[in-house]
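> Sharing data37.json, JSON, N, CA and C atoms:
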[["chain", "number", "residue", "atom", "x", "y", "z"],
["U", 1, "MET", "N", 163.57, 131.58, 95.14],
["U", 1, "MET", "CA", 163.13, 131.23, 96.46],
["U", 1, "MET", "C", 162.16, 130.04, 96.34],
["U", 2, "THR", "N", 162.42, 129.00, 97.09],
["U", 2, "THR", "CA", 161.56, 127.82, 97.05],
["U", 2, "THR", "C", 160.78, 127.71, 98.35],
["U", 3, "ALA", "N", 159.58, 127.21, 98.24],
["U", 3, "ALA", "CA", 158.75, 127.01, 99.42],
["U", 3, "ALA", "C", 159.19, 125.73, 100.12],
["U", 4, "GLU", "N", 159.29, 125.79, 101.42],
["U", 4, "GLU", "CA", 159.66, 124.60, 102.18],
["U", 4, "GLU", "C", 158.41, 123.77, 102.42],
["U", 5, "PHE", "N", 158.59, 122.46, 102.31],
["U", 5, "PHE", "CA", 157.51, 121.54, 102.59],
["U", 5, "PHE", "C", 157.65, 121.06, 104.02],
["U", 6, "GLU", "N", 156.58, 121.20, 104.78],
["U", 6, "GLU", "CA", 156.60, 120.73, 106.17],
["U", 6, "GLU", "C", 155.99, 119.33, 106.21],
["U", 7, "GLN", "N", 156.76, 118.38, 106.70],
["U", 7, "GLN", "CA", 156.31, 117.00, 106.79],
["U", 7, "GLN", "C", 155.18, 116.91, 107.81],
["U", 8, "PRO", "N", 154.04, 116.31, 107.44],
["U", 8, "PRO", "CA", 152.96, 116.17, 108.42],
["U", 8, "PRO", "C", 153.35, 115.23, 109.55],
["U", 9, "HIS", "N", 152.65, 115.32, 110.68],
["U", 9, "HIS", "CA", 152.98, 114.46, 111.82],
["U", 9, "HIS", "C", 152.42, 113.06, 111.66],
["U", 10, "TRP", "N", 151.62, 112.81, 110.63],
["U", 10, "TRP", "CA", 151.14, 111.46, 110.36],
["U", 10, "TRP", "C", 151.98, 110.85, 109.24],
["U", 11, "ASN", "N", 151.93, 109.54, 109.11],
["U", 11, "ASN", "CA", 152.68, 108.86, 108.05],
["U", 11, "ASN", "C", 151.92, 107.59, 107.67],
["U", 12, "PHE", "N", 150.78, 107.78, 107.03],
["U", 12, "PHE", "CA", 149.94, 106.68, 106.60],
["U", 12, "PHE", "C", 150.68, 105.77, 105.62],
["U", 13, "GLU", "N", 151.54, 106.36, 104.82],
["U", 13, "GLU", "CA", 152.31, 105.59, 103.83],
["U", 13, "GLU", "C", 153.12, 104.47, 104.49],
["U", 14, "GLN", "N", 153.60, 104.66, 105.69],
["U", 14, "GLN", "CA", 154.46, 103.69, 106.35],
["U", 14, "GLN", "C", 153.72, 102.70, 107.24],
["U", 15, "GLN", "N", 152.41, 102.80, 107.32],
["U", 15, "GLN", "CA", 151.64, 101.86, 108.11],
["U", 15, "GLN", "C", 151.64, 100.48, 107.44],
["U", 16, "PRO", "N", 151.42, 99.41, 108.20],
["U", 16, "PRO", "CA", 151.42, 98.06, 107.60],
["U", 16, "PRO", "C", 150.42, 97.95, 106.45],
["U", 17, "TYR", "N", 150.82, 97.21, 105.44],
["U", 17, "TYR", "CA", 150.01, 96.99, 104.24],
["U", 17, "TYR", "C", 149.45, 95.58, 104.26],
["U", 18, "PRO", "N", 148.30, 95.39, 103.63],
["U", 18, "PRO", "CA", 147.81, 94.02, 103.48],
["U", 18, "PRO", "C", 148.69, 93.24, 102.49],
["U", 19, "ALA", "N", 148.63, 91.94, 102.56],
["U", 19, "ALA", "CA", 149.41, 91.10, 101.65],
["U", 19, "ALA", "C", 149.04, 91.45, 100.20],
["U", 20, "GLY", "N", 150.04, 91.41, 99.34],
["U", 20, "GLY", "CA", 149.81, 91.67, 97.92],
["U", 20, "GLY", "C", 149.83, 93.14, 97.53],
["U", 21, "SER", "N", 150.26, 94.01, 98.41],
["U", 21, "SER", "CA", 150.32, 95.44, 98.10],
["U", 21, "SER", "C", 151.39, 95.69, 97.06],
["U", 22, "ASP", "N", 151.21, 96.75, 96.30],
["U", 22, "ASP", "CA", 152.15, 97.08, 95.23],
["U", 22, "ASP", "C", 152.55, 98.56, 95.28],
["U", 23, "GLU", "N", 153.30, 98.97, 94.29],
["U", 23, "GLU", "CA", 153.79, 100.35, 94.22],
["U", 23, "GLU", "C", 152.63, 101.35, 94.18],
["U", 24, "THR", "N", 151.54, 100.98, 93.54],
["U", 24, "THR", "CA", 150.38, 101.87, 93.47],
["U", 24, "THR", "C", 149.79, 102.09, 94.86],
["U", 25, "ASP", "N", 149.72, 101.03, 95.67],
["U", 25, "ASP", "CA", 149.22, 101.17, 97.04],
["U", 25, "ASP", "C", 150.07, 102.16, 97.83],
["U", 26, "VAL", "N", 151.38, 102.05, 97.70],
["U", 26, "VAL", "CA", 152.30, 102.95, 98.40],
["U", 26, "VAL", "C", 152.11, 104.38, 97.92],
["U", 27, "ASN", "N", 152.03, 104.58, 96.62],
["U", 27, "ASN", "CA", 151.89, 105.94, 96.07],
["U", 27, "ASN", "C", 150.55, 106.56, 96.43],
["U", 28, "LEU", "N", 149.50, 105.75, 96.49],
["U", 28, "LEU", "CA", 148.19, 106.29, 96.87],
["U", 28, "LEU", "C", 148.21, 106.75, 98.32],
["U", 29, "ARG", "N", 148.82, 105.96, 99.19],
["U", 29, "ARG", "CA", 148.94, 106.38, 100.59],
["U", 29, "ARG", "C", 149.78, 107.65, 100.73],
["U", 30, "ALA", "N", 150.85, 107.73, 99.97],
["U", 30, "ALA", "CA", 151.69, 108.94, 100.00],
["U", 30, "ALA", "C", 150.88, 110.15, 99.51],
["U", 31, "TYR", "N", 150.05, 109.94, 98.49],
["U", 31, "TYR", "CA", 149.18, 111.00, 97.97],
["U", 31, "TYR", "C", 148.28, 111.53, 99.09],
["U", 32, "PHE", "N", 147.69, 110.63, 99.86],
["U", 32, "PHE", "CA", 146.82, 111.06, 100.94],
["U", 32, "PHE", "C", 147.60, 111.69, 102.09],
["U", 33, "ASP", "N", 148.82, 111.23, 102.34],
["U", 33, "ASP", "CA", 149.64, 111.87, 103.38],
["U", 33, "ASP", "C", 149.87, 113.35, 103.06],
["U", 34, "ARG", "N", 149.94, 113.70, 101.81],
["U", 34, "ARG", "CA", 150.20, 115.08, 101.40],
["U", 34, "ARG", "C", 148.94, 115.92, 101.31],
["U", 35, "MET", "N", 147.77, 115.27, 101.39],
["U", 35, "MET", "CA", 146.52, 116.02, 101.31],
["U", 35, "MET", "C", 146.32, 116.79, 102.62],
["U", 36, "PRO", "N", 146.05, 118.09, 102.54],
["U", 36, "PRO", "CA", 145.85, 118.88, 103.76],
["U", 36, "PRO", "C", 144.70, 118.33, 104.61],
["U", 37, "ASP", "N", 144.88, 118.37, 105.91],
["U", 37, "ASP", "CA", 143.89, 117.87, 106.83],
["U", 37, "ASP", "C", 142.55, 118.60, 106.66],
["U", 38, "ALA", "N", 142.61, 119.90, 106.44],
["U", 38, "ALA", "CA", 141.38, 120.68, 106.27],
["U", 38, "ALA", "C", 140.58, 120.19, 105.07],
["U", 39, "LYS", "N", 141.27, 119.86, 103.99],
["U", 39, "LYS", "CA", 140.57, 119.33, 102.82],
["U", 39, "LYS", "C", 140.00, 117.96, 103.13],
["U", 40, "MET", "N", 140.76, 117.10, 103.77],
["U", 40, "MET", "CA", 140.30, 115.75, 104.06],
["U", 40, "MET", "C", 139.06, 115.78, 104.95],
["U", 41, "ARG", "N", 138.97, 116.73, 105.85],
["U", 41, "ARG", "CA", 137.81, 116.83, 106.75],
["U", 41, "ARG", "C", 136.54, 117.21, 105.98],
["U", 42, "GLN", "N", 136.67, 117.74, 104.78],
["U", 42, "GLN", "CA", 135.50, 118.09, 103.97],
["U", 42, "GLN", "C", 134.83, 116.86, 103.36],
["U", 43, "TYR", "N", 135.56, 115.76, 103.25],
["U", 43, "TYR", "CA", 135.06, 114.56, 102.57],
["U", 43, "TYR", "C", 133.77, 114.05, 103.20],
["U", 44, "GLN", "N", 132.85, 113.65, 102.34],
["U", 44, "GLN", "CA", 131.58, 113.07, 102.76],
["U", 44, "GLN", "C", 131.43, 111.70, 102.11],
["U", 45, "ALA", "N", 131.27, 110.67, 102.92],
["U", 45, "ALA", "CA", 131.17, 109.30, 102.41],
["U", 45, "ALA", "C", 130.00, 109.11, 101.46],
["U", 46, "ALA", "N", 128.96, 109.90, 101.60],
["U", 46, "ALA", "CA", 127.76, 109.76, 100.77],
["U", 46, "ALA", "C", 127.90, 110.39, 99.38],
["U", 47, "TRP", "N", 129.00, 111.10, 99.14],
["U", 47, "TRP", "CA", 129.17, 111.73, 97.83],
["U", 47, "TRP", "C", 129.15, 110.69, 96.72],
["U", 48, "PRO", "N", 128.45, 111.00, 95.62],
["U", 48, "PRO", "CA", 128.54, 110.11, 94.46],
["U", 48, "PRO", "C", 129.93, 110.25, 93.82],
["U", 49, "ALA", "N", 130.27, 109.33, 92.95],
["U", 49, "ALA", "CA", 131.61, 109.30, 92.34],
["U", 49, "ALA", "C", 131.97, 110.63, 91.70],
["U", 50, "GLY", "N", 131.05, 111.22, 90.96],
["U", 50, "GLY", "CA", 131.35, 112.48, 90.27],
["U", 50, "GLY", "C", 131.71, 113.60, 91.23],
["U", 51, "ARG", "N", 131.00, 113.69, 92.33],
["U", 51, "ARG", "CA", 131.29, 114.72, 93.34],
["U", 51, "ARG", "C", 132.64, 114.48, 93.99],
["U", 52, "LEU", "N", 132.95, 113.22, 94.28],
["U", 52, "LEU", "CA", 134.24, 112.88, 94.86],
["U", 52, "LEU", "C", 135.38, 113.26, 93.92],
["U", 53, "MET", "N", 135.23, 112.95, 92.65],
["U", 53, "MET", "CA", 136.28, 113.28, 91.67],
["U", 53, "MET", "C", 136.43, 114.79, 91.53],
["U", 54, "GLU", "N", 135.33, 115.51, 91.56],
["U", 54, "GLU", "CA", 135.37, 116.97, 91.49],
["U", 54, "GLU", "C", 136.08, 117.55, 92.72],
["U", 55, "TRP", "N", 135.76, 117.02, 93.90],
["U", 55, "TRP", "CA", 136.35, 117.49, 95.16],
["U", 55, "TRP", "C", 137.86, 117.30, 95.14],
["U", 56, "ASP", "N", 138.32, 116.14, 94.69],
["U", 56, "ASP", "CA", 139.76, 115.89, 94.66],
["U", 56, "ASP", "C", 140.42, 116.74, 93.58],
["U", 57, "GLY", "N", 139.83, 116.81, 92.41],
["U", 57, "GLY", "CA", 140.36, 117.64, 91.33],
["U", 57, "GLY", "C", 141.54, 117.04, 90.59],
["U", 58, "ASN", "N", 141.84, 115.78, 90.82],
["U", 58, "ASN", "CA", 143.01, 115.18, 90.19],
["U", 58, "ASN", "C", 142.65, 113.86, 89.50],
["U", 59, "PHE", "N", 141.42, 113.76, 89.02],
["U", 59, "PHE", "CA", 141.00, 112.57, 88.28],
["U", 59, "PHE", "C", 141.04, 112.85, 86.79],
["U", 60, "ARG", "N", 141.40, 111.84, 86.04],
["U", 60, "ARG", "CA", 141.43, 111.94, 84.57],
["U", 60, "ARG", "C", 140.02, 111.78, 84.01],
["U", 61, "ALA", "N", 139.86, 112.07, 82.74],
["U", 61, "ALA", "CA", 138.57, 111.96, 82.07],
["U", 61, "ALA", "C", 138.03, 110.53, 82.08],
["U", 62, "ASP", "N", 138.93, 109.53, 82.20],
["U", 62, "ASP", "CA", 138.48, 108.13, 82.21],
["U", 62, "ASP", "C", 138.04, 107.67, 83.60],
["U", 63, "GLY", "N", 138.04, 108.57, 84.59],
["U", 63, "GLY", "CA", 137.56, 108.24, 85.93],
["U", 63, "GLY", "C", 138.61, 107.67, 86.86],
["U", 64, "CYS", "N", 139.87, 107.69, 86.47],
["U", 64, "CYS", "CA", 140.94, 107.19, 87.33],
["U", 64, "CYS", "C", 141.78, 108.35, 87.85],
["U", 65, "LEU", "N", 142.33, 108.17, 89.04],
["U", 65, "LEU", "CA", 143.16, 109.20, 89.66],
["U", 65, "LEU", "C", 144.45, 109.38, 88.87],
["U", 66, "MET", "N", 144.84, 110.62, 88.67],
["U", 66, "MET", "CA", 146.12, 110.91, 88.03],
["U", 66, "MET", "C", 147.20, 110.79, 89.10],
["U", 67, "LEU", "N", 147.92, 109.69, 89.06],
["U", 67, "LEU", "CA", 148.92, 109.37, 90.06],
["U", 67, "LEU", "C", 150.16, 108.89, 89.33],
["U", 68, "ILE", "N", 151.30, 109.49, 89.60],
["U", 68, "ILE", "CA", 152.52, 109.13, 88.89],
["U", 68, "ILE", "C", 153.17, 107.88, 89.49],
["U", 69, "CYS", "N", 153.99, 107.24, 88.69],
["U", 69, "CYS", "CA", 154.76, 106.06, 89.12],
["U", 69, "CYS", "C", 153.87, 104.96, 89.66],
["U", 70, "CYS", "N", 152.88, 104.59, 88.90],
["U", 70, "CYS", "CA", 151.95, 103.56, 89.34],
["U", 70, "CYS", "C", 151.96, 102.38, 88.38],
["U", 71, "GLU", "N", 151.69, 101.22, 88.93],
["U", 71, "GLU", "CA", 151.62, 100.00, 88.13],
["U", 71, "GLU", "C", 150.23, 99.79, 87.54],
["U", 72, "ARG", "N", 149.24, 100.44, 88.13],
["U", 72, "ARG", "CA", 147.85, 100.25, 87.70],
["U", 72, "ARG", "C", 147.05, 101.51, 87.99],
["U", 73, "ASP", "N", 145.85, 101.58, 87.43],
["U", 73, "ASP", "CA", 144.97, 102.72, 87.65],
["U", 73, "ASP", "C", 144.26, 102.61, 88.99],
["U", 74, "VAL", "N", 143.94, 103.75, 89.56],
["U", 74, "VAL", "CA", 143.17, 103.82, 90.81],
["U", 74, "VAL", "C", 141.82, 104.43, 90.47],
["U", 75, "ALA", "N", 140.78, 103.60, 90.54],
["U", 75, "ALA", "CA", 139.42, 104.04, 90.27],
["U", 75, "ALA", "C", 138.79, 104.57, 91.56],
["U", 76, "VAL", "N", 137.61, 105.12, 91.44],
["U", 76, "VAL", "CA", 136.93, 105.78, 92.56],
["U", 76, "VAL", "C", 136.72, 104.84, 93.75],
["U", 77, "ASP", "N", 136.32, 103.59, 93.51],
["U", 77, "ASP", "CA", 136.06, 102.68, 94.63],
["U", 77, "ASP", "C", 137.30, 102.46, 95.49],
["U", 78, "GLU", "N", 138.45, 102.21, 94.86],
["U", 78, "GLU", "CA", 139.68, 102.03, 95.62],
["U", 78, "GLU", "C", 140.09, 103.33, 96.29],
["U", 79, "TYR", "N", 139.99, 104.43, 95.56],
["U", 79, "TYR", "CA", 140.32, 105.74, 96.11],
["U", 79, "TYR", "C", 139.52, 105.98, 97.39],
["U", 80, "ARG", "N", 138.22, 105.77, 97.32],
["U", 80, "ARG", "CA", 137.33, 106.02, 98.46],
["U", 80, "ARG", "C", 137.71, 105.11, 99.64],
["U", 81, "ARG", "N", 137.96, 103.83, 99.38],
["U", 81, "ARG", "CA", 138.30, 102.89, 100.45],
["U", 81, "ARG", "C", 139.58, 103.31, 101.17],
["U", 82, "VAL", "N", 140.62, 103.66, 100.40],
["U", 82, "VAL", "CA", 141.90, 104.03, 101.01],
["U", 82, "VAL", "C", 141.80, 105.40, 101.67],
["U", 83, "LEU", "N", 141.04, 106.31, 101.09],
["U", 83, "LEU", "CA", 140.82, 107.62, 101.72],
["U", 83, "LEU", "C", 140.17, 107.44, 103.09],
["U", 84, "GLU", "N", 139.17, 106.59, 103.17],
["U", 84, "GLU", "CA", 138.50, 106.38, 104.45],
["U", 84, "GLU", "C", 139.42, 105.70, 105.45],
["U", 85, "GLU", "N", 140.30, 104.80, 105.00],
["U", 85, "GLU", "CA", 141.32, 104.21, 105.88],
["U", 85, "GLU", "C", 142.26, 105.29, 106.40],
["U", 86, "CYS", "N", 142.64, 106.21, 105.53],
["U", 86, "CYS", "CA", 143.55, 107.30, 105.91],
["U", 86, "CYS", "C", 142.87, 108.24, 106.92],
["U", 87, "ILE", "N", 141.60, 108.53, 106.71],
["U", 87, "ILE", "CA", 140.87, 109.39, 107.65],
["U", 87, "ILE", "C", 140.83, 108.74, 109.02],
["U", 88, "ALA", "N", 140.55, 107.44, 109.08],
["U", 88, "ALA", "CA", 140.52, 106.72, 110.35],
["U", 88, "ALA", "C", 141.90, 106.72, 111.00],
["U", 89, "TYR", "N", 142.94, 106.53, 110.19],
["U", 89, "TYR", "CA", 144.32, 106.57, 110.70],
["U", 89, "TYR", "C", 144.63, 107.94, 111.30],
["U", 90, "ARG", "N", 144.31, 109.00, 110.59],
["U", 90, "ARG", "CA", 144.59, 110.35, 111.09],
["U", 90, "ARG", "C", 143.84, 110.65, 112.38],
["U", 91, "GLN", "N", 142.61, 110.19, 112.46],
["U", 91, "GLN", "CA", 141.84, 110.39, 113.69],
["U", 91, "GLN", "C", 142.50, 109.69, 114.86],
["U", 92, "GLY", "N", 143.08, 108.51, 114.63],
["U", 92, "GLY", "CA", 143.79, 107.79, 115.67],
["U", 92, "GLY", "C", 145.08, 108.49, 116.08],
["U", 93, "VAL", "N", 145.78, 109.06, 115.12],
["U", 93, "VAL", "CA", 147.04, 109.77, 115.40],
["U", 93, "VAL", "C", 146.74, 111.05, 116.16],
["U", 94, "SER", "N", 145.65, 111.71, 115.83],
["U", 94, "SER", "CA", 145.32, 113.00, 116.45],
["U", 94, "SER", "C", 144.69, 112.85, 117.83],
["U", 95, "ALA", "N", 144.21, 111.64, 118.14],
["U", 95, "ALA", "CA", 143.50, 111.45, 119.42],
["U", 95, "ALA", "C", 144.44, 111.52, 120.60]]
If you took the structure in this file and wrote it as C-alpha cells, what would it be?

Amino acid sequence: MTAEFEQPHWNFEQQPYPAGSDETDVNLRAYFDRMPDAKMRQYQAAWPAGRLMEWDGNFRADGCLMLICCERDVAVDEYRRVLEECIAYRQGVSA
C-alpha cells in the first residue's frame, strides 16, 4: 500500500524566475513547494544559521542543503532568501 501525495494548491516552482536561473533554483523551489505549510509558518527570520539548519533538518555537515539533482550547493543565505520568497508567495496565494 502506497501513500498518495496530495499536490498543494500553490506552485512556487512554476512562478517566473529571475534571469540566469538554473536547475538548482528550480529544485529549491520544488523543495519548498513540498514543505508543509504548518512547518513553514514556524520559520523565524531572526533565527541564526544553526537554528535554521536544525529546523529544516536536511542540511549536510558542510552547511549546505541536501538537495538532489543540483548543479551547485545551496548555502544558508540562499536558502533563507528563497524560503522568504516562498512564504510571501504562499501568503499571496492564500489571501
> Taking all atoms listed in the file into account, which of U:Phe32, U:Glu23, U:Ala49, U:Tyr43 comes nearest U:Arg72?
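When distances to U:Arg72 are compared using all atoms listed in the file, the smallest one comes from U:Glu23.
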> From the list U:Leu52, U:Leu28, U:Gly20, U:Ile68, which residue is nearest U:Leu83 when using only N, CA and C atoms?
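Smallest distance to U:Leu83 is found for U:Leu28.
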> Using only C-alpha atoms for the distances, tell me which of U:Lys39, U:Arg90, U:Arg51, U:Arg29 is nearest to U:Val74.
U:Arg29
> Would you give me, as a PyMOL selection string, the residues in chain U that DSSP reads as strand (DSSP E or B)?
chain U and resi 59+64-65+75
> As an exercise, work out the distance from atom CA of U:Ile87 to atom CA of U:Cys70 in Å and give it to one decimal place.
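Going from atom CA of U:Ile87 over to atom CA of U:Cys70, I get 22.2 Å.
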